[in-house]
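Engineer: Sharing work30.cif below, mmCIF, C-alpha atoms (C1' of nucleotides):
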```cif
data_target
#
loop_
_atom_site.label_atom_id
_atom_site.label_comp_id
_atom_site.auth_asym_id
_atom_site.auth_seq_id
_atom_site.Cartn_x
_atom_site.Cartn_y
_atom_site.Cartn_z
CA MET W 143 -7.22 -54.94 65.74
CA ARG W 144 -4.49 -54.39 68.28
CA ILE W 145 -2.32 -51.32 67.95
CA ALA W 146 0.67 -50.85 70.24
CA THR W 147 3.26 -48.17 70.85
CA PHE W 148 6.64 -48.93 72.36
CA ASN W 149 9.65 -46.70 72.91
CA ILE W 150 12.31 -49.39 72.63
CA ASN W 151 15.34 -47.22 73.44
CA GLY W 152 17.70 -48.64 70.84
CA ILE W 153 16.56 -51.29 68.39
CA GLY W 154 20.07 -52.74 68.16
CA SER W 155 20.40 -53.69 71.81
CA ARG W 156 16.68 -54.36 72.27
CA LEU W 157 15.97 -56.61 69.29
CA PRO W 158 15.67 -59.86 71.31
CA ALA W 159 13.28 -58.20 73.77
CA LEU W 160 11.29 -56.69 70.90
CA ARG W 161 10.93 -60.03 69.12
CA GLU W 162 9.90 -61.77 72.32
CA TRP W 163 7.20 -59.19 72.97
CA LEU W 164 5.94 -59.28 69.35
CA GLU W 165 5.68 -63.05 69.50
CA GLU W 166 3.84 -63.01 72.81
CA THR W 167 1.32 -60.29 72.12
CA GLN W 168 1.09 -60.31 68.30
CA PRO W 169 -0.04 -56.71 67.82
CA ASP W 170 -1.42 -56.00 64.34
CA VAL W 171 0.40 -52.68 64.38
CA ALA W 172 3.43 -51.67 66.44
CA CYS W 173 4.70 -48.09 66.52
CA LEU W 174 8.29 -47.93 67.72
CA GLN W 175 10.28 -44.93 68.93
CA GLU W 176 13.92 -44.27 69.73
CA LEU W 177 15.39 -46.69 67.23
CA LYS W 178 18.77 -45.01 67.77
CA ALA W 179 20.00 -46.48 64.51
CA PRO W 180 20.80 -45.03 61.09
CA GLN W 181 18.45 -45.88 58.23
CA GLU W 182 20.63 -48.72 56.93
CA ARG W 183 21.01 -50.40 60.32
CA PHE W 184 17.32 -51.15 60.90
CA PRO W 185 17.03 -54.95 61.31
CA GLU W 186 14.47 -55.41 58.57
CA ALA W 187 15.16 -59.12 58.02
CA ALA W 188 14.59 -59.97 61.68
CA ILE W 189 11.38 -57.95 61.70
CA ASN W 190 10.18 -59.75 58.57
CA GLU W 191 11.03 -63.11 60.15
CA ALA W 192 8.83 -62.15 63.07
CA GLY W 193 5.94 -61.74 60.62
CA TYR W 194 5.97 -57.97 60.17
CA GLN W 195 6.46 -55.50 57.33
CA ALA W 196 7.98 -52.20 58.36
CA LEU W 197 8.41 -48.55 57.49
CA TRP W 198 11.03 -46.59 59.38
CA ILE W 199 13.02 -43.37 59.54
CA GLY W 200 16.42 -43.83 61.08
CA GLN W 201 18.94 -41.36 62.40
CA LYS W 202 22.47 -41.77 63.67
CA SER W 203 22.62 -42.04 67.49
CA TRP W 204 19.25 -40.57 68.37
CA ASN W 205 15.54 -40.62 67.65
CA GLY W 206 14.16 -42.80 64.86
CA VAL W 207 10.61 -44.17 64.51
CA ALA W 208 9.08 -47.20 62.80
CA ILE W 209 5.65 -48.62 62.01
CA LEU W 210 5.31 -52.41 61.89
CA ALA W 211 2.28 -54.21 60.44
CA ARG W 212 1.63 -57.90 60.94
CA GLY W 213 1.06 -59.85 57.75
CA THR W 214 0.49 -56.79 55.61
CA THR W 215 2.46 -53.91 54.15
CA PRO W 216 1.98 -50.53 55.80
CA VAL W 217 1.36 -47.89 53.15
CA GLU W 218 3.44 -44.80 53.75
CA VAL W 219 1.38 -41.62 53.94
CA ARG W 220 3.84 -39.14 55.37
CA ARG W 221 7.50 -39.03 56.40
CA GLY W 222 8.26 -36.23 58.84
CA LEU W 223 6.02 -33.70 60.57
CA PRO W 224 5.19 -30.72 58.35
CA GLY W 225 5.83 -27.12 59.36
CA ASP W 226 9.62 -26.83 59.47
CA ASP W 227 11.76 -27.86 56.51
CA ALA W 228 14.92 -27.29 58.56
CA ASP W 229 13.95 -29.92 61.15
CA GLU W 230 16.18 -32.96 60.54
CA GLN W 231 15.22 -35.08 63.54
CA SER W 232 13.51 -38.39 62.75
CA ARG W 233 10.41 -38.22 64.89
CA TYR W 234 7.29 -38.68 62.78
CA LEU W 235 5.89 -41.24 60.37
CA GLU W 236 2.38 -41.93 59.05
CA ALA W 237 1.02 -45.04 57.41
CA ALA W 238 -2.32 -46.50 56.32
CA ILE W 239 -2.96 -50.03 57.57
CA ASP W 240 -6.25 -51.83 56.94
CA GLY W 241 -8.12 -48.55 56.57
CA VAL W 242 -6.66 -46.93 59.70
CA LEU W 243 -4.32 -43.98 59.53
CA VAL W 244 -1.55 -44.60 62.03
CA ALA W 245 0.72 -41.75 63.08
CA CYS W 246 3.84 -42.79 64.98
CA LEU W 247 5.50 -39.94 66.84
CA TYR W 248 8.35 -39.24 69.20
CA LEU W 249 7.87 -35.82 70.72
CA PRO W 250 11.07 -34.10 71.91
CA ASN W 251 12.00 -34.57 75.57
CA GLY W 252 12.72 -30.86 76.03
CA ASN W 253 15.02 -30.98 79.06
CA PRO W 254 16.65 -28.96 80.37
CA SER W 255 13.99 -26.31 80.58
CA PRO W 256 13.94 -23.47 80.01
CA GLY W 257 16.34 -23.49 77.09
CA PRO W 258 16.64 -24.20 73.37
CA LYS W 259 15.62 -27.85 73.76
CA PHE W 260 12.45 -26.85 75.53
CA ASP W 261 11.75 -24.24 72.83
CA TYR W 262 12.19 -26.95 70.18
CA LYS W 263 9.80 -29.22 72.07
CA LEU W 264 7.09 -26.56 72.26
CA ALA W 265 7.54 -25.61 68.59
CA TRP W 266 7.30 -29.29 67.60
CA PHE W 267 4.15 -29.63 69.72
CA GLU W 268 2.56 -26.66 67.92
CA ARG W 269 3.36 -28.23 64.56
CA LEU W 270 1.74 -31.46 65.78
CA ILE W 271 -1.37 -29.58 66.92
CA THR W 272 -1.65 -27.91 63.52
CA HIS W 273 -1.21 -31.16 61.62
CA ALA W 274 -3.54 -33.12 63.92
CA GLU W 275 -6.31 -30.60 63.26
CA GLY W 276 -6.11 -31.47 59.57
CA LEU W 277 -6.15 -35.20 60.30
CA LEU W 278 -9.32 -34.84 62.37
CA ALA W 279 -10.92 -32.66 59.70
CA SER W 280 -10.29 -35.40 57.14
CA GLY W 281 -12.82 -37.58 58.97
CA ALA W 282 -10.56 -40.61 58.61
CA PRO W 283 -10.09 -43.14 61.42
CA VAL W 284 -6.82 -41.93 62.94
CA VAL W 285 -4.63 -42.95 65.87
CA LEU W 286 -1.80 -40.75 67.11
CA ALA W 287 0.52 -43.19 68.86
CA GLY W 288 3.85 -42.65 70.48
CA ASP W 289 6.07 -41.24 73.16
CA PHE W 290 4.64 -37.76 73.73
CA ASN W 291 7.12 -36.91 76.50
CA ALA W 292 4.11 -35.28 78.15
CA ILE W 293 2.53 -36.12 81.51
CA PRO W 294 -1.12 -35.08 81.05
CA THR W 295 -2.26 -34.74 84.68
CA GLU W 296 -1.17 -35.29 88.28
CA LEU W 297 -2.68 -38.77 88.15
CA ASP W 298 -0.05 -39.67 85.56
CA VAL W 299 3.04 -39.23 87.73
CA TYR W 300 4.06 -40.91 90.99
CA LYS W 301 5.00 -37.65 92.71
CA PRO W 302 3.74 -34.57 90.86
CA GLU W 303 5.57 -31.99 93.00
CA ARG W 304 8.94 -33.44 91.98
CA TRP W 305 8.18 -32.92 88.29
CA VAL W 306 6.72 -29.43 88.05
CA THR W 307 9.92 -27.93 86.66
CA ASP W 308 10.59 -30.84 84.30
CA ALA W 309 9.94 -30.40 80.57
CA LEU W 310 7.57 -33.39 80.65
CA PHE W 311 5.26 -31.78 83.18
CA ARG W 312 5.77 -28.02 82.90
CA PRO W 313 2.59 -25.96 82.49
CA GLU W 314 3.46 -25.14 78.87
CA THR W 315 3.71 -28.85 78.02
CA ARG W 316 0.46 -29.75 79.76
CA ASP W 317 -1.26 -26.81 78.11
CA ALA W 318 -0.13 -27.97 74.66
CA PHE W 319 -1.31 -31.52 75.39
CA HIS W 320 -4.69 -30.30 76.56
CA ARG W 321 -5.12 -28.05 73.52
CA LEU W 322 -4.40 -31.06 71.31
CA MET W 323 -6.97 -33.13 73.22
CA ALA W 324 -9.53 -30.33 72.97
CA GLN W 325 -9.61 -30.84 69.20
CA GLY W 326 -11.63 -33.99 69.89
CA TRP W 327 -9.13 -36.80 70.46
CA THR W 328 -9.75 -39.58 72.98
CA ASP W 329 -6.93 -40.63 75.31
CA ALA W 330 -7.48 -44.39 75.00
CA LEU W 331 -5.78 -45.51 78.22
CA ARG W 332 -7.43 -42.86 80.33
CA SER W 333 -10.88 -43.43 78.84
CA MET W 334 -10.75 -47.15 79.69
CA HIS W 335 -9.23 -46.53 83.15
CA PRO W 336 -10.53 -43.14 84.37
CA ASP W 337 -9.21 -43.21 87.93
CA GLU W 338 -6.34 -45.65 87.84
CA ARG W 339 -2.67 -44.81 88.16
CA ILE W 340 -1.13 -46.36 85.07
CA PHE W 341 2.47 -45.77 84.10
CA THR W 342 4.27 -46.46 80.83
CA PHE W 343 7.77 -45.32 81.79
CA TRP W 344 10.07 -45.86 84.76
CA ASP W 345 13.51 -44.33 84.57
CA TYR W 346 16.66 -46.35 85.13
CA PHE W 347 17.69 -44.43 88.23
CA ARG W 348 17.16 -45.45 91.83
CA ASP W 349 15.20 -48.59 91.08
CA ALA W 350 12.28 -46.55 89.74
CA TYR W 351 10.51 -49.65 88.44
CA GLY W 352 10.92 -51.50 91.73
CA ARG W 353 9.44 -48.52 93.57
CA ASP W 354 6.78 -48.02 90.88
CA ALA W 355 8.01 -44.44 90.50
CA GLY W 356 6.67 -44.07 86.98
CA LEU W 357 5.14 -41.70 84.47
CA ARG W 358 2.42 -42.05 81.85
CA ILE W 359 3.91 -40.44 78.75
CA ASP W 360 3.20 -42.96 75.97
CA HIS W 361 -0.22 -42.32 74.51
CA LEU W 362 -2.68 -43.56 71.91
CA LEU W 363 -5.05 -40.75 70.89
CA LEU W 364 -8.09 -41.75 68.87
CA SER W 365 -10.22 -39.87 66.37
CA PRO W 366 -13.98 -40.09 67.13
CA MET W 367 -14.63 -43.02 64.80
CA LEU W 368 -11.89 -45.09 66.43
CA ALA W 369 -12.93 -44.04 69.93
CA GLY W 370 -16.27 -45.69 69.23
CA ALA W 371 -14.50 -48.94 68.36
CA LEU W 372 -12.25 -49.07 71.44
CA THR W 373 -12.74 -52.26 73.49
CA ALA W 374 -9.56 -52.45 75.61
CA ALA W 375 -6.39 -50.55 76.44
CA ASN W 376 -3.46 -51.35 78.71
CA VAL W 377 0.26 -51.49 79.35
CA ASP W 378 2.45 -54.60 79.10
CA ARG W 379 4.05 -53.58 82.33
CA ASP W 380 6.00 -56.78 82.98
CA VAL W 381 8.16 -56.11 79.90
CA ARG W 382 9.84 -53.30 81.86
CA GLY W 383 10.93 -55.80 84.50
CA ARG W 384 12.80 -58.14 82.17
CA GLU W 385 16.49 -58.45 81.27
CA LYS W 386 18.01 -55.39 79.61
CA PRO W 387 14.66 -53.63 79.29
CA SER W 388 13.79 -50.35 77.64
CA ASP W 389 12.83 -47.69 80.18
CA HIS W 390 9.34 -47.72 78.59
CA ALA W 391 6.74 -50.50 78.53
CA PRO W 392 4.57 -51.29 75.49
CA THR W 393 1.16 -49.63 75.55
CA TRP W 394 -1.73 -50.91 73.45
CA ILE W 395 -5.34 -50.68 72.41
CA GLU W 396 -7.82 -53.16 71.02
CA LEU W 397 -10.33 -51.98 68.38
CA ASP W 398 -13.49 -53.72 67.19
CA MET W 399 -13.18 -53.12 63.46
CA THR W 400 -16.81 -54.06 62.83
CA LYS W 401 -17.71 -50.78 64.54
CA ILE W 402 -15.78 -48.69 62.07
CA ALA W 403 -17.77 -47.24 59.18
CA ARG W 404 -16.12 -47.85 55.82
"C1'" DA S 163 22.81 -33.47 93.54
"C1'" DT S 164 22.04 -37.93 92.59
"C1'" DG S 165 21.10 -42.03 89.93
"C1'" DT S 166 21.41 -45.76 84.96
"C1'" DC S 167 21.64 -46.95 80.29
"C1'" DT S 168 22.92 -46.22 75.34
"C1'" DA S 169 25.77 -44.86 71.21
"C1'" DC S 170 29.67 -42.68 69.44
"C1'" DG S 171 34.38 -41.11 69.04
"C1'" DT S 172 38.49 -39.22 71.30
"C1'" DC S 173 37.76 -45.78 70.64
"C1'" DT S 174 38.05 -50.55 76.20
"C1'" DC S 175 36.90 -44.76 78.69
"C1'" DG S 176 34.73 -40.08 78.44
"C1'" DT S 177 30.85 -37.64 77.02
"C1'" DA S 178 26.11 -36.40 75.91
"C1'" DG S 179 21.18 -37.36 75.68
"C1'" DA S 180 17.41 -39.22 77.87
#
```
Give the structure from the file, written as structure tokens.

Structural biologist:
Amino acid sequence: MRIATFNINGIGSRLPALREWLEETQPDVACLQELKAPQERFPEAAINEAGYQALWIGQKSWNGVAILARGTTPVEVRRGLPGDDADEQSRYLEAAIDGVLVACLYLPNGNPSPGPKFDYKLAWFERLITHAEGLLASGAPVVLAGDFNAIPTELDVYKPERWVTDALFRPETRDAFHRLMAQGWTDALRSMHPDERIFTFWDYFRDAYGRDAGLRIDHLLLSPMLAGALTAANVDRDVRGREKPSDHAPTWIELDMTKIAR
DNA sequence: ATGTCTACGTCTCGTAGA
């Protein structure tokens, strides 16, 4: 089973690129972030034509997440991250697909920091940590997939010293990420490539992709049962180099489902 | 400080978010 996460940065303008990538790589599950489209403007027909059923939460202008499943219907488990009824940003969706609980998330960027946006990011992160604890305790096979807007370590950024005051790399952000990991999650990319510099994002400025000035901020975190079934993980890096690309590249894992207890 | 891309509203440019 292949599960991918891809911040597409606008499903409207990126639909051709999305369909091309889906056709090429045929992930069983695709978690998308930054739809940047209201609920009614999600291109459901085109997604269905590509062979996928979808759940999504839209929002005008910003945010928005979706879970696509190939040849099957994802069963909605949760819409929105618990812990703050006043939070109206579309950033979290959970679905069950073939016995796997898939959480698709888009953690707030948090810049500029310090400030209210950074406070919102940290509060959102704490809500995620609380909810993730419950998911792990359930014993279910779970993957937390998405754009975490968090650079875990110095190995995950081309030039760490330039990013120390950025919301993606500030000590508070790294601390939250590491406390989440300490619950018992496995960082799939890092576990398959312990010492390699692997990026999932290159910003649009100053030819960042051409210079390979990237960040690793899109993650797939696995519960113990899924970690034992992990056979491959990587980034479809070339997608970032195509026409009208997202600033993120798709990131994916491969699971051997025969190794998952049912 | 800069750079690039997107969506929206003030609507074919300016602004904000990333």

Engineer: Give the residues of chain S that lie within 7 Å of chain W; count all atoms listed in the file, and format the answer as a compact mmCIF listing (two decimals) with C-alpha atoms (C1' of nucleotides), in the coordinates of the input.

Structural biologist:
```txt
# COMPACT_ATOMS: atom_id res chain seq x y z
C1' DG S 165 21.10 -42.03 89.93
C1' DT S 166 21.41 -45.76 84.96
C1' DC S 167 21.64 -46.95 80.29
C1' DA S 169 25.77 -44.86 71.21
```

Engineer: Show me, as a tab-separated table (two decimals) with C-alpha atoms, keeping the file's coordinate frame, the residues that have an atom within 10 Å of stretch 256-260 of chain W when counting all atoms listed in the file, minus same-chain residues fewer than 4 positions from it.

Structural biologist:
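Contents of the output file out13.tsv:
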```tsv
chain	number	residue	atom	x	y	z
W	250	PRO	CA	11.07	-34.10	71.91
W	251	ASN	CA	12.00	-34.57	75.57
W	252	GLY	CA	12.72	-30.86	76.03
W	264	LEU	CA	7.09	-26.56	72.26
W	265	ALA	CA	7.54	-25.61	68.59
W	266	TRP	CA	7.30	-29.29	67.60
W	307	THR	CA	9.92	-27.93	86.66
W	308	ASP	CA	10.59	-30.84	84.30
W	309	ALA	CA	9.94	-30.40	80.57
W	310	LEU	CA	7.57	-33.39	80.65
W	312	ARG	CA	5.77	-28.02	82.90
W	314	GLU	CA	3.46	-25.14	78.87
W	315	THR	CA	3.71	-28.85	78.02
```

Engineer: Go through the shown structure with the PyMOL selection byres ((chain W and resi 231) around 9) and write out the matching residues as a list in words.

Structural biologist: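 Selection result, ordered by chain and number: Gln201, Trp204, Asn205, Gly206, Gly222, Asp229, Glu230, Ser232, Arg233 and Tyr234 of chain W.
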
Engineer: Output the residue selection produced by the PyMOL selection byres ((chain W and resi 162) around 12) on the file above, formatted as a VMD selection string.

Structural biologist: chain W and resid 156 to 161 163 to 168 188 to 189 192 381 384 to 385 387

Engineer: For this file, the PyMOL selection byres ((chain W and resi 402) around 10) selects which residues, as a list in words?

Structural biologist: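 This file, filtered by the PyMOL selection byres ((chain W and resi 402) around 10), leaves Gly241, Val242, Pro283, Met367, Leu368, Ala369, Gly370, Ala371, Leu397, Asp398, Met399, Thr400, Lys401, Ala403 and Arg404 of chain W.
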
Engineer: Measure the distance from atom CA of W:Glu186 to atom CA of W:Gly154 in Å and round it to one decimal.

Structural biologist: 11.4 Å

Engineer: What does the distance between atom CA of W:Arg321 and atom CA of W:Leu247 come to in Å, to one decimal place?

Structural biologist: 17.3 Å

Engineer: Can you tell me how far atom CA of W:Thr393 sits from atom CA of W:Arg144, in Å to one decimal?

Structural biologist: 10.4 Å

Engineer: Compare W:Pro216, W:Pro313, W:Gly356, W:Gly326 by their minimum atom-to-atom distance to W:Cys173, counting all atoms listed in the file, and give me the closest one.

Structural biologist: W:Pro216

Engineer: For stretch 268-275 of chain W, work out the shell of residues within 7 Å, counting all atoms listed in the file and skipping chain neighbours fewer than 5 positions away, then give it as a ChimeraX atom specification.

Structural biologist: /W:224-225,322,325

Engineer: Do a neighbour search on stretch 299-301 of chain W at 6 Å with only C-alpha atoms (C1' of nucleotides), toss out local chain neighbours closer than 3 positions, and write the hits as a ChimeraX atom specification.

Structural biologist: /W:296,304,355-357
